[in-house]
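Structure file upload-v4.pdb (PDB, C-alpha atoms) follows.
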ATOM      1  CA  ASP A 230    -174.929 -16.853 -65.670  1.00  0.00           C
ATOM      2  CA  ASP A 231    -173.547 -15.983 -69.092  1.00  0.00           C
ATOM      3  CA  ASP A 232    -176.223 -13.340 -69.666  1.00  0.00           C
ATOM      4  CA  ASP A 233    -175.205 -11.531 -66.491  1.00  0.00           C
ATOM      5  CA  ASP A 234    -171.566 -11.545 -67.593  1.00  0.00           C
ATOM      6  CA  ASP A 235    -172.572 -10.015 -70.903  1.00  0.00           C
ATOM      7  CA  ASP A 236    -174.530  -7.282 -69.116  1.00  0.00           C
ATOM      8  CA  ASP A 237    -171.481  -6.392 -67.007  1.00  0.00           C
ATOM      9  CA  ASP A 238    -169.483  -5.754 -70.168  1.00  0.00           C
ATOM     10  CA  CYS A 239    -172.060  -3.367 -71.626  1.00  0.00           C
ATOM     11  CA  VAL A 240    -171.326   0.370 -71.850  1.00  0.00           C
ATOM     12  CA  GLU A 241    -174.120   2.911 -71.487  1.00  0.00           C
ATOM     13  CA  ILE A 242    -174.201   5.155 -74.565  1.00  0.00           C
ATOM     14  CA  ASP A 243    -177.600   6.759 -73.989  1.00  0.00           C
ATOM     15  CA  TRP A 244    -177.088  10.455 -73.195  1.00  0.00           C
ATOM     16  CA  LYS A 245    -179.964  10.624 -70.720  1.00  0.00           C
ATOM     17  CA  GLY A 246    -178.592   7.559 -68.941  1.00  0.00           C
ATOM     18  CA  THR A 247    -175.151   9.157 -68.854  1.00  0.00           C
ATOM     19  CA  LEU A 248    -176.536  12.298 -67.216  1.00  0.00           C
ATOM     20  CA  GLU A 249    -178.383  10.192 -64.657  1.00  0.00           C
ATOM     21  CA  GLU A 250    -175.182   8.299 -63.861  1.00  0.00           C
ATOM     22  CA  PHE A 251    -173.185  11.498 -63.355  1.00  0.00           C
ATOM     23  CA  SER A 252    -175.955  12.841 -61.134  1.00  0.00           C
ATOM     24  CA  GLN A 253    -175.552  10.033 -58.595  1.00  0.00           C
ATOM     25  CA  PRO A 254    -173.670  11.278 -55.477  1.00  0.00           C
ATOM     26  CA  THR A 255    -171.443   8.217 -55.294  1.00  0.00           C
ATOM     27  CA  VAL A 256    -167.676   7.855 -55.190  1.00  0.00           C
ATOM     28  CA  THR A 257    -166.020   5.674 -57.830  1.00  0.00           C
ATOM     29  CA  ASP A 258    -162.441   4.544 -58.330  1.00  0.00           C
ATOM     30  CA  GLU A 259    -162.276   6.549 -61.547  1.00  0.00           C
ATOM     31  CA  GLY A 260    -163.096   9.818 -59.774  1.00  0.00           C
ATOM     32  CA  TRP A 261    -165.184  11.074 -62.667  1.00  0.00           C
ATOM     33  CA  ARG A 262    -167.634  13.077 -60.580  1.00  0.00           C
ATOM     34  CA  SER A 263    -164.908  14.993 -58.735  1.00  0.00           C
ATOM     35  CA  TRP A 264    -163.068  15.800 -61.971  1.00  0.00           C
ATOM     36  CA  LEU A 265    -166.241  16.881 -63.771  1.00  0.00           C
ATOM     37  CA  TRP A 266    -167.154  19.049 -60.800  1.00  0.00           C
ATOM     38  CA  GLN A 267    -163.761  20.739 -61.078  1.00  0.00           C
ATOM     39  CA  THR A 268    -164.303  21.418 -64.778  1.00  0.00           C
ATOM     40  CA  CYS A 269    -167.621  23.063 -63.914  1.00  0.00           C
ATOM     41  CA  THR A 270    -166.324  25.152 -61.015  1.00  0.00           C
ATOM     42  CA  GLU A 271    -162.770  26.008 -62.076  1.00  0.00           C
ATOM     43  CA  VAL A 272    -161.098  24.951 -65.286  1.00  0.00           C
ATOM     44  CA  GLY A 273    -163.411  23.970 -68.139  1.00  0.00           C
ATOM     45  CA  PHE A 274    -160.876  21.998 -70.222  1.00  0.00           C
ATOM     46  CA  TYR A 275    -163.610  20.496 -72.389  1.00  0.00           C
ATOM     47  CA  GLN A 276    -162.635  18.256 -75.299  1.00  0.00           C
ATOM     48  CA  THR A 277    -164.997  19.474 -77.974  1.00  0.00           C
ATOM     49  CA  CYS A 278    -165.209  18.555 -81.631  1.00  0.00           C
ATOM     50  CA  MET A 279    -166.570  21.492 -83.611  1.00  0.00           C
ATOM     51  CA  GLU A 280    -166.424  22.531 -87.268  1.00  0.00           C
ATOM     52  CA  SER A 281    -162.638  22.388 -87.629  1.00  0.00           C
ATOM     53  CA  CYS A 282    -162.341  19.045 -85.835  1.00  0.00           C
ATOM     54  CA  PRO A 283    -160.460  16.526 -88.049  1.00  0.00           C
ATOM     55  CA  TYR A 284    -162.281  13.495 -86.606  1.00  0.00           C
ATOM     56  CA  ALA A 285    -166.056  13.688 -86.152  1.00  0.00           C
ATOM     57  CA  SER A 286    -167.248  17.270 -86.451  1.00  0.00           C
ATOM     58  CA  PHE A 287    -170.049  18.293 -84.086  1.00  0.00           C
ATOM     59  CA  TYR A 288    -170.011  14.873 -82.427  1.00  0.00           C
ATOM     60  CA  HIS A 289    -169.132  16.429 -79.050  1.00  0.00           C
ATOM     61  CA  MET A 290    -170.005  20.085 -78.492  1.00  0.00           C
ATOM     62  CA  VAL A 291    -169.436  22.226 -75.425  1.00  0.00           C
ATOM     63  CA  ASP A 292    -173.181  22.411 -74.793  1.00  0.00           C
ATOM     64  CA  MET A 293    -173.047  18.755 -73.741  1.00  0.00           C
ATOM     65  CA  ASP A 294    -170.428  19.483 -71.083  1.00  0.00           C
ATOM     66  CA  LEU A 295    -172.396  22.460 -69.824  1.00  0.00           C
ATOM     67  CA  GLU A 296    -175.466  20.247 -69.605  1.00  0.00           C
ATOM     68  CA  ILE A 297    -173.553  17.850 -67.342  1.00  0.00           C
ATOM     69  CA  CYS A 298    -172.711  20.772 -65.047  1.00  0.00           C
ATOM     70  CA  ALA A 299    -176.321  21.903 -64.943  1.00  0.00           C
ATOM     71  CA  VAL A 300    -177.884  18.475 -64.423  1.00  0.00           C
ATOM     72  CA  ALA A 301    -175.305  16.836 -62.152  1.00  0.00           C
ATOM     73  CA  TYR A 302    -174.304  19.834 -60.000  1.00  0.00           C
ATOM     74  CA  ASN A 303    -176.838  22.590 -60.716  1.00  0.00           C
ATOM     75  CA  ILE A 304    -173.975  24.785 -61.956  1.00  0.00           C
ATOM     76  CA  THR A 305    -174.879  27.132 -64.803  1.00  0.00           C
ATOM     77  CA  ASN A 306    -172.153  29.813 -64.638  1.00  0.00           C
ATOM     78  CA  VAL A 307    -169.241  27.749 -65.982  1.00  0.00           C
ATOM     79  CA  PRO A 308    -167.714  30.521 -68.186  1.00  0.00           C
ATOM     80  CA  ASP A 309    -167.620  32.869 -65.190  1.00  0.00           C
ATOM     81  CA  ASN A 310    -165.979  30.183 -63.053  1.00  0.00           C
ATOM     82  CA  VAL A 311    -163.295  29.491 -65.662  1.00  0.00           C
ATOM     83  CA  GLN A 312    -162.550  33.197 -66.031  1.00  0.00           C
ATOM     84  CA  ALA A 313    -162.310  33.573 -62.250  1.00  0.00           C
ATOM     85  CA  THR A 314    -159.729  30.773 -62.142  1.00  0.00           C
ATOM     86  CA  ALA A 315    -157.684  32.425 -64.906  1.00  0.00           C
ATOM     87  CA  ASP A 316    -157.856  35.789 -63.132  1.00  0.00           C
ATOM     88  CA  HIS A 317    -156.821  34.289 -59.798  1.00  0.00           C
ATOM     89  CA  TYR A 318    -153.849  32.250 -61.039  1.00  0.00           C
ATOM     90  CA  GLY A 319    -152.768  34.505 -63.895  1.00  0.00           C
ATOM     91  CA  ASP A 320    -153.766  32.139 -66.714  1.00  0.00           C
ATOM     92  CA  LEU A 321    -150.557  31.432 -68.678  1.00  0.00           C
ATOM     93  CA  ASN A 322    -148.921  34.580 -67.328  1.00  0.00           C
ATOM     94  CA  ILE A 323    -147.327  33.194 -64.159  1.00  0.00           C
ATOM     95  CA  ALA A 324    -144.092  35.175 -64.345  1.00  0.00           C
ATOM     96  CA  GLY A 325    -144.805  36.536 -60.870  1.00  0.00           C
ATOM     97  CA  GLY A 326    -144.476  33.037 -59.418  1.00  0.00           C
ATOM     98  CA  SER A 327    -141.399  30.897 -58.877  1.00  0.00           C
ATOM     99  CA  ARG A 328    -140.300  27.274 -58.541  1.00  0.00           C
ATOM    100  CA  ILE A 329    -143.026  25.877 -60.760  1.00  0.00           C
ATOM    101  CA  ILE A 330    -141.915  23.252 -63.270  1.00  0.00           C
ATOM    102  CA  SER A 331    -144.131  22.832 -66.321  1.00  0.00           C
ATOM    103  CA  VAL A 332    -143.800  19.377 -67.878  1.00  0.00           C
ATOM    104  CA  ASN A 333    -145.543  18.233 -71.054  1.00  0.00           C
ATOM    105  CA  GLY A 334    -145.279  15.490 -73.636  1.00  0.00           C
ATOM    106  CA  ASP A 335    -144.818  16.637 -77.205  1.00  0.00           C
ATOM    107  CA  VAL A 336    -147.530  14.259 -78.481  1.00  0.00           C
ATOM    108  CA  ASP A 337    -150.032  15.312 -75.821  1.00  0.00           C
ATOM    109  CA  PRO A 338    -152.813  17.483 -77.315  1.00  0.00           C
ATOM    110  CA  TRP A 339    -153.249  19.122 -73.901  1.00  0.00           C
ATOM    111  CA  SER A 340    -149.758  20.612 -74.258  1.00  0.00           C
ATOM    112  CA  THR A 341    -151.206  23.380 -76.446  1.00  0.00           C
ATOM    113  CA  LEU A 342    -152.865  24.741 -73.280  1.00  0.00           C
ATOM    114  CA  ALA A 343    -149.649  24.607 -71.279  1.00  0.00           C
ATOM    115  CA  ILE A 344    -146.683  26.892 -70.724  1.00  0.00           C
ATOM    116  CA  GLN A 345    -144.109  25.904 -73.328  1.00  0.00           C
ATOM    117  CA  GLU A 346    -141.503  28.657 -72.944  1.00  0.00           C
ATOM    118  CA  SER A 347    -139.884  29.464 -69.624  1.00  0.00           C
ATOM    119  CA  PRO A 348    -140.316  33.117 -68.621  1.00  0.00           C
ATOM    120  CA  LYS A 349    -137.434  32.904 -66.113  1.00  0.00           C
ATOM    121  CA  GLN A 350    -135.029  30.395 -64.564  1.00  0.00           C
ATOM    122  CA  THR A 351    -137.245  29.594 -61.558  1.00  0.00           C
ATOM    123  CA  LEU A 352    -140.096  28.634 -63.874  1.00  0.00           C
ATOM    124  CA  PRO A 353    -138.467  25.830 -65.898  1.00  0.00           C
ATOM    125  CA  VAL A 354    -140.234  24.115 -68.774  1.00  0.00           C
ATOM    126  CA  LEU A 355    -139.658  20.536 -69.862  1.00  0.00           C
ATOM    127  CA  MET A 356    -141.067  19.053 -73.061  1.00  0.00           C
ATOM    128  CA  VAL A 357    -140.729  15.256 -73.057  1.00  0.00           C
ATOM    129  CA  GLU A 358    -140.109  13.883 -76.527  1.00  0.00           C
ATOM    130  CA  GLY A 359    -142.509  11.140 -77.596  1.00  0.00           C
ATOM    131  CA  ALA A 360    -144.541  11.285 -74.374  1.00  0.00           C
ATOM    132  CA  SER A 361    -148.305  11.387 -74.129  1.00  0.00           C
ATOM    133  CA  HIS A 362    -150.429  12.956 -71.382  1.00  0.00           C
ATOM    134  CA  HIS A 363    -148.450  12.960 -68.044  1.00  0.00           C
ATOM    135  CA  PHE A 364    -146.848   9.650 -69.069  1.00  0.00           C
ATOM    136  CA  TRP A 365    -143.993  10.105 -66.563  1.00  0.00           C
ATOM    137  CA  THR A 366    -146.501   9.877 -63.679  1.00  0.00           C
ATOM    138  CA  HIS A 367    -147.496   6.342 -64.661  1.00  0.00           C
ATOM    139  CA  LYS A 368    -146.100   3.256 -62.975  1.00  0.00           C
ATOM    140  CA  ILE A 369    -142.503   2.632 -64.006  1.00  0.00           C
ATOM    141  CA  GLN A 370    -142.218  -0.026 -66.708  1.00  0.00           C
ATOM    142  CA  HIS A 371    -139.216  -1.597 -68.376  1.00  0.00           C
ATOM    143  CA  THR A 372    -140.652  -0.381 -71.680  1.00  0.00           C
ATOM    144  CA  ASP A 373    -140.511   3.302 -70.667  1.00  0.00           C
ATOM    145  CA  SER A 374    -138.549   5.442 -73.067  1.00  0.00           C
ATOM    146  CA  ARG A 375    -135.267   7.040 -72.054  1.00  0.00           C
ATOM    147  CA  GLU A 376    -136.887  10.462 -72.407  1.00  0.00           C
ATOM    148  CA  VAL A 377    -139.608   9.548 -69.900  1.00  0.00           C
ATOM    149  CA  MET A 378    -137.046   8.185 -67.432  1.00  0.00           C
ATOM    150  CA  GLN A 379    -134.978  11.346 -67.809  1.00  0.00           C
ATOM    151  CA  ALA A 380    -138.077  13.462 -67.173  1.00  0.00           C
ATOM    152  CA  ARG A 381    -138.710  11.663 -63.886  1.00  0.00           C
ATOM    153  CA  GLU A 382    -135.147  12.335 -62.769  1.00  0.00           C
ATOM    154  CA  ILE A 383    -135.263  15.980 -63.790  1.00  0.00           C
ATOM    155  CA  ILE A 384    -138.515  16.516 -61.889  1.00  0.00           C
ATOM    156  CA  ALA A 385    -137.130  14.766 -58.791  1.00  0.00           C
ATOM    157  CA  LEU A 386    -133.848  16.680 -58.876  1.00  0.00           C
ATOM    158  CA  THR A 387    -135.589  20.000 -59.412  1.00  0.00           C
ATOM    159  CA  VAL A 388    -138.003  19.505 -56.526  1.00  0.00           C
ATOM    160  CA  MET A 389    -135.214  18.295 -54.228  1.00  0.00           C
ATOM    161  CA  PHE A 390    -133.192  21.418 -54.968  1.00  0.00           C
ATOM    162  CA  TRP A 391    -136.192  23.611 -54.251  1.00  0.00           C
ATOM    163  CA  LEU A 392    -136.817  21.795 -50.980  1.00  0.00           C
ATOM    164  CA  GLY A 393    -133.276  22.532 -49.873  1.00  0.00           C
ATOM    165  CA  ASN A 394    -131.423  19.431 -51.014  1.00  0.00           C
ATOM    166  CA  THR A 395    -128.589  18.863 -53.440  1.00  0.00           C
ATOM    167  CA  PRO A 396    -127.794  15.712 -55.449  1.00  0.00           C
ATOM    168  CA  GLY A 397    -125.157  13.435 -53.998  1.00  0.00           C
ATOM    169  CA  ASP A 398    -122.299  11.810 -55.858  1.00  0.00           C
ATOM    170  CA  GLY A 399    -123.014   9.064 -58.313  1.00  0.00           C
ATOM    171  CA  ILE A 400    -126.599   9.856 -59.298  1.00  0.00           C
ATOM    172  CA  LEU A 401    -126.837   8.403 -62.790  1.00  0.00           C
ATOM    173  CA  MET A 402    -129.503   7.584 -65.321  1.00  0.00           C
ATOM    174  CA  VAL A 403    -131.811   4.976 -63.793  1.00  0.00           C
ATOM    175  CA  ASP A 404    -134.011   2.282 -65.235  1.00  0.00           C
ATOM    176  CA  THR A 405    -135.817   0.585 -62.345  1.00  0.00           C
ATOM    177  CA  ASP A 406    -137.920   1.292 -59.247  1.00  0.00           C
ATOM    178  CA  ASP A 407    -134.983   0.401 -56.983  1.00  0.00           C
ATOM    179  CA  ALA A 408    -132.648   2.700 -58.880  1.00  0.00           C
ATOM    180  CA  HIS A 409    -135.108   5.574 -58.639  1.00  0.00           C
ATOM    181  CA  ALA A 410    -135.379   4.991 -54.890  1.00  0.00           C
ATOM    182  CA  ALA A 411    -131.592   4.859 -54.605  1.00  0.00           C
ATOM    183  CA  MET A 412    -131.317   8.134 -56.487  1.00  0.00           C
ATOM    184  CA  LEU A 413    -133.633   9.884 -54.041  1.00  0.00           C
ATOM    185  CA  GLU A 414    -131.787   8.412 -51.042  1.00  0.00           C
ATOM    186  CA  LYS A 415    -128.559   9.959 -52.284  1.00  0.00           C
ATOM    187  CA  VAL A 416    -129.772  13.547 -52.231  1.00  0.00           C
ATOM    188  CA  LYS A 417    -128.070  15.343 -49.347  1.00  0.00           C
ATOM    189  CA  PRO A 418    -129.545  18.219 -47.318  1.00  0.00           C
ATOM    190  CA  VAL A 419    -127.916  21.633 -47.514  1.00  0.00           C
ATOM    191  CA  ASP A 420    -127.487  23.978 -44.562  1.00  0.00           C
ATOM    192  CA  ASP A 421    -129.656  26.753 -45.947  1.00  0.00           C
ATOM    193  CA  ALA A 422    -133.183  25.722 -46.923  1.00  0.00           C
ATOM    194  CA  VAL A 423    -133.610  28.966 -48.868  1.00  0.00           C
ATOM    195  CA  MET A 424    -132.276  28.335 -52.342  1.00  0.00           C
ATOM    196  CA  THR A 425    -130.122  30.998 -53.982  1.00  0.00           C
ATOM    197  CA  ASN A 426    -130.265  31.998 -57.627  1.00  0.00           C
ATOM    198  CA  GLN A 427    -126.982  30.166 -58.130  1.00  0.00           C
ATOM    199  CA  GLN A 428    -128.459  26.952 -56.737  1.00  0.00           C
ATOM    200  CA  ASP A 429    -131.565  27.356 -58.888  1.00  0.00           C
ATOM    201  CA  ASP A 430    -129.287  27.713 -61.892  1.00  0.00           C
ATOM    202  CA  GLU A 431    -127.328  24.606 -60.837  1.00  0.00           C
ATOM    203  CA  VAL A 432    -130.401  22.391 -60.944  1.00  0.00           C
ATOM    204  CA  LEU A 433    -131.314  23.694 -64.382  1.00  0.00           C
ATOM    205  CA  GLN A 434    -127.805  22.923 -65.591  1.00  0.00           C
ATOM    206  CA  ALA A 435    -128.055  19.432 -64.095  1.00  0.00           C
ATOM    207  CA  SER A 436    -131.401  18.935 -65.786  1.00  0.00           C
ATOM    208  CA  ARG A 437    -130.004  19.975 -69.153  1.00  0.00           C
ATOM    209  CA  GLN A 438    -127.106  17.561 -68.670  1.00  0.00           C
ATOM    210  CA  LEU A 439    -129.534  14.736 -68.005  1.00  0.00           C
ATOM    211  CA  LEU A 440    -131.462  15.614 -71.141  1.00  0.00           C
ATOM    212  CA  ARG A 441    -128.255  15.325 -73.117  1.00  0.00           C
ATOM    213  CA  GLY A 442    -127.830  11.808 -71.728  1.00  0.00           C
ATOM    214  CA  GLY A 443    -125.238  12.434 -69.050  1.00  0.00           C
ATOM    215  CA  GLY A 444    -125.304  11.808 -65.312  1.00  0.00           C
ATOM    216  CA  VAL A 445    -125.011  14.236 -62.441  1.00  0.00           C
TER
END
Please rewrite the model in this file as structure tokens.
Amino acid sequence: DDDDDDDDDCVEIDWKGTLEEFSQPTVTDEGWRSWLWQTCTEVGFYQTCMESCPYASFYHMVDMDLEICAVAYNITNVPDNVQATADHYGDLNIAGGSRIISVNGDVDPWSTLAIQESPKQTLPVLMVEGASHHFWTHKIQHTDSREVMQAREIIALTVMFWLGNTPGDGILMVDTDDAHAAMLEKVKPVDDAVMTNQQDDEVLQASRQLLRGGGV
């Protein structure tokens, strides 16, 4: 009946009820429990609103996130877990790695936690103008900005180079699902799967050309 429909539209705002919901060992399409578990065991990444918050100061404090970890997963050593993750992966100091592309949108608040300057050519950085949080991973829409479409191409080209492929002739700026698929079909394998520094530099040059609005 109508009352049941109204109940389905309700959102639980009671904190105790929220903790009980997160404590249920069930799988949902949203994947909230798995992500929250990862924040407790590895990364933190809590969106707090403390004294300097420009919106609603002290509305969401880190103690609330730590309470979720304790109640839902019986995890109470979150700071130690986050530090262990930083120590293992090098935090923002990943200069010892290679072939990692760091992509961020310049209107994404998470970008302040990301690598924004490339330490070397095999660790390229791409800042997508006007893009929000991982916008280029969303389903392709005709309303996508040119910058987002370019970012998708740059990521695809970069990964293909690193996997031992090189772009074929006629790969241009693309606007549709079919064109993106056609672009990937045109990448041609190279004989040597181990990329050289020259080849790594070639993909960066191609990426820069795409950013300037040209084709490859």
* Please determine the residues with any atom at most 6 Å from (-137.7, 29.5, -60.5) (coordinates as given in the file, with all atoms listed in the file counting) and report them as a ChimeraX atom specification. => /A:327-328,350-352
* atom CA of Ser331 of chain A to atom CA of Lys349 of chain A, straight-line distance in Å ->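 Rounded to one decimal, the two atoms are 12.1 Å apart.
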* Contacts of Gln345 of chain A at 8 Å (all atoms listed in the file; same-chain gap of 5+ positions) as an MDAnalysis selection string -> chainID A and resid 331 340 354:356
* **Interatomic distance, atom CA of Glu358 of chain A to atom CA of Asn333 of chain A (Å, one decimal)** => 8.9 Å
* To do: May I ask which of the residues A:Gly325, A:Ala343, A:Glu271, A:Asp337 is the closest one to Gln312 of chain A, counting all atoms listed in the file?
  =>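 Of A:Gly325, A:Ala343, A:Glu271, A:Asp337, the one nearest Gln312 of chain A is A:Glu271, counting all atoms listed in the file.
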* Expansion of the PyMOL selection byres ((chain A and resi 249-261) around 8) into residues, as a PyMOL selection string -> chain A and resi 245-248+262-265+297+300-302
Selection from above, C-alpha atoms, as a PDB file, in the frame of the given file, can you write it?
ATOM      1  CA  LYS A 245    -179.964  10.624 -70.720  1.00  0.00           C
ATOM      2  CA  GLY A 246    -178.592   7.559 -68.941  1.00  0.00           C
ATOM      3  CA  THR A 247    -175.151   9.157 -68.854  1.00  0.00           C
ATOM      4  CA  LEU A 248    -176.536  12.298 -67.216  1.00  0.00           C
ATOM      5  CA  ARG A 262    -167.634  13.077 -60.580  1.00  0.00           C
ATOM      6  CA  SER A 263    -164.908  14.993 -58.735  1.00  0.00           C
ATOM      7  CA  TRP A 264    -163.068  15.800 -61.971  1.00  0.00           C
ATOM      8  CA  LEU A 265    -166.241  16.881 -63.771  1.00  0.00           C
ATOM      9  CA  ILE A 297    -173.553  17.850 -67.342  1.00  0.00           C
ATOM     10  CA  VAL A 300    -177.884  18.475 -64.423  1.00  0.00           C
ATOM     11  CA  ALA A 301    -175.305  16.836 -62.152  1.00  0.00           C
ATOM     12  CA  TYR A 302    -174.304  19.834 -60.000  1.00  0.00           C
TER      13      TYR A 302
END
Starting from the point (-144.1, 11.9, -74.5), work out which residues of protein, DNA or RNA have an atom no more than 6 Å away when counting all atoms listed in the file; state them as a CSV table (one decimal) with C-alpha atoms, in the frame of the given file.
chain,number,residue,atom,x,y,z
A,334,GLY,CA,-145.3,15.5,-73.6
A,335,ASP,CA,-144.8,16.6,-77.2
A,336,VAL,CA,-147.5,14.3,-78.5
A,357,VAL,CA,-140.7,15.3,-73.1
A,358,GLU,CA,-140.1,13.9,-76.5
A,359,GLY,CA,-142.5,11.1,-77.6
A,360,ALA,CA,-144.5,11.3,-74.4
A,361,SER,CA,-148.3,11.4,-74.1
* How many Å lie between atom CA of Val332 of chain A and atom CA of Tyr318 of chain A, rounded to one decimal? ->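 Going from atom CA of Val332 of chain A over to atom CA of Tyr318 of chain A, I get 17.7 Å.
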I'd like the box whose edges run along x, y and z of the file and which contains every listed atom of segment 350-366 of chain A, padded by 8 Å per side; could you state its centre and edge lengths in Å, one decimal, as lines of an AutoDock Vina configuration file?
center_x = -142.7
center_y = 20.0
center_z = -69.6
size_x = 31.4
size_y = 36.7
size_z = 32.0
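Closest approach to Pro338 of chain A among A:Phe274, A:Asp373, A:Val307, A:Leu386: A:Phe274, based on all atoms listed in the file.
Using the PyMOL selection byres ((chain A and resi 275) around 10) on the file at hand returns these residues: Leu265, Thr268, Cys269, Val272, Gly273, Phe274, Gln276, Thr277, Cys278, His289, Met290, Val291, Met293, Asp294 and Leu295 of chain A.
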How about saving the chosen residues, C-alpha atoms kept, as an mmCIF file, in the coordinates of the input?
data_model
loop_
_atom_site.group_PDB
_atom_site.id
_atom_site.type_symbol
_atom_site.label_atom_id
_atom_site.label_comp_id
_atom_site.auth_asym_id
_atom_site.auth_seq_id
_atom_site.Cartn_x
_atom_site.Cartn_y
_atom_site.Cartn_z
ATOM 1 C CA LEU A 265 -166.241 16.881 -63.771
ATOM 2 C CA THR A 268 -164.303 21.418 -64.778
ATOM 3 C CA CYS A 269 -167.621 23.063 -63.914
ATOM 4 C CA VAL A 272 -161.098 24.951 -65.286
ATOM 5 C CA GLY A 273 -163.411 23.970 -68.139
ATOM 6 C CA PHE A 274 -160.876 21.998 -70.222
ATOM 7 C CA GLN A 276 -162.635 18.256 -75.299
ATOM 8 C CA THR A 277 -164.997 19.474 -77.974
ATOM 9 C CA CYS A 278 -165.209 18.555 -81.631
ATOM 10 C CA HIS A 289 -169.132 16.429 -79.050
ATOM 11 C CA MET A 290 -170.005 20.085 -78.492
ATOM 12 C CA VAL A 291 -169.436 22.226 -75.425
ATOM 13 C CA MET A 293 -173.047 18.755 -73.741
ATOM 14 C CA ASP A 294 -170.428 19.483 -71.083
ATOM 15 C CA LEU A 295 -172.396 22.460 -69.824
#
Mind rebuilding segment 286-299 of chain A with N, CA, C and O atoms and writing that out as a PDB file, in the coordinates of the input?
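The result, written out as result-v1.pdb:
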ATOM      1  N   SER A 286    -166.761  15.922 -86.722  1.00  0.00           N
ATOM      2  CA  SER A 286    -167.248  17.270 -86.451  1.00  0.00           C
ATOM      3  C   SER A 286    -168.625  17.259 -85.819  1.00  0.00           C
ATOM      4  O   SER A 286    -169.514  16.511 -86.235  1.00  0.00           O
ATOM      5  N   PHE A 287    -168.786  18.084 -84.805  1.00  0.00           N
ATOM      6  CA  PHE A 287    -170.049  18.293 -84.086  1.00  0.00           C
ATOM      7  C   PHE A 287    -170.518  17.047 -83.336  1.00  0.00           C
ATOM      8  O   PHE A 287    -171.663  16.993 -82.900  1.00  0.00           O
ATOM      9  N   TYR A 288    -169.630  16.059 -83.176  1.00  0.00           N
ATOM     10  CA  TYR A 288    -170.011  14.873 -82.427  1.00  0.00           C
ATOM     11  C   TYR A 288    -170.071  15.188 -80.928  1.00  0.00           C
ATOM     12  O   TYR A 288    -170.931  14.682 -80.217  1.00  0.00           O
ATOM     13  N   HIS A 289    -169.137  16.026 -80.462  1.00  0.00           N
ATOM     14  CA  HIS A 289    -169.132  16.429 -79.050  1.00  0.00           C
ATOM     15  C   HIS A 289    -168.964  17.939 -78.988  1.00  0.00           C
ATOM     16  O   HIS A 289    -167.901  18.468 -79.295  1.00  0.00           O
ATOM     17  N   MET A 290    -170.024  18.631 -78.576  1.00  0.00           N
ATOM     18  CA  MET A 290    -170.005  20.085 -78.492  1.00  0.00           C
ATOM     19  C   MET A 290    -170.008  20.520 -77.034  1.00  0.00           C
ATOM     20  O   MET A 290    -170.397  19.771 -76.135  1.00  0.00           O
ATOM     21  N   VAL A 291    -169.577  21.745 -76.795  1.00  0.00           N
ATOM     22  CA  VAL A 291    -169.436  22.226 -75.425  1.00  0.00           C
ATOM     23  C   VAL A 291    -170.775  22.270 -74.703  1.00  0.00           C
ATOM     24  O   VAL A 291    -170.833  22.165 -73.468  1.00  0.00           O
ATOM     25  N   ASP A 292    -171.867  22.398 -75.434  1.00  0.00           N
ATOM     26  CA  ASP A 292    -173.181  22.411 -74.793  1.00  0.00           C
ATOM     27  C   ASP A 292    -173.431  21.123 -73.999  1.00  0.00           C
ATOM     28  O   ASP A 292    -174.142  21.137 -72.983  1.00  0.00           O
ATOM     29  N   MET A 293    -172.866  20.018 -74.453  1.00  0.00           N
ATOM     30  CA  MET A 293    -173.047  18.755 -73.741  1.00  0.00           C
ATOM     31  C   MET A 293    -172.341  18.787 -72.390  1.00  0.00           C
ATOM     32  O   MET A 293    -172.876  18.304 -71.380  1.00  0.00           O
ATOM     33  N   ASP A 294    -171.148  19.366 -72.348  1.00  0.00           N
ATOM     34  CA  ASP A 294    -170.428  19.483 -71.083  1.00  0.00           C
ATOM     35  C   ASP A 294    -171.149  20.424 -70.128  1.00  0.00           C
ATOM     36  O   ASP A 294    -171.241  20.155 -68.921  1.00  0.00           O
ATOM     37  N   LEU A 295    -171.668  21.524 -70.665  1.00  0.00           N
ATOM     38  CA  LEU A 295    -172.396  22.460 -69.824  1.00  0.00           C
ATOM     39  C   LEU A 295    -173.680  21.837 -69.296  1.00  0.00           C
ATOM     40  O   LEU A 295    -174.121  22.163 -68.183  1.00  0.00           O
ATOM     41  N   GLU A 296    -174.271  20.937 -70.072  1.00  0.00           N
ATOM     42  CA  GLU A 296    -175.466  20.247 -69.605  1.00  0.00           C
ATOM     43  C   GLU A 296    -175.139  19.324 -68.426  1.00  0.00           C
ATOM     44  O   GLU A 296    -175.932  19.207 -67.482  1.00  0.00           O
ATOM     45  N   ILE A 297    -173.975  18.676 -68.478  1.00  0.00           N
ATOM     46  CA  ILE A 297    -173.553  17.850 -67.342  1.00  0.00           C
ATOM     47  C   ILE A 297    -173.459  18.709 -66.091  1.00  0.00           C
ATOM     48  O   ILE A 297    -173.934  18.316 -65.002  1.00  0.00           O
ATOM     49  N   CYS A 298    -172.853  19.884 -66.201  1.00  0.00           N
ATOM     50  CA  CYS A 298    -172.711  20.772 -65.047  1.00  0.00           C
ATOM     51  C   CYS A 298    -174.077  21.156 -64.483  1.00  0.00           C
ATOM     52  O   CYS A 298    -174.279  21.176 -63.256  1.00  0.00           O
ATOM     53  N   ALA A 299    -175.000  21.461 -65.383  1.00  0.00           N
ATOM     54  CA  ALA A 299    -176.321  21.903 -64.943  1.00  0.00           C
ATOM     55  C   ALA A 299    -177.114  20.776 -64.304  1.00  0.00           C
ATOM     56  O   ALA A 299    -177.742  20.955 -63.255  1.00  0.00           O
TER      57      ALA A 299
END
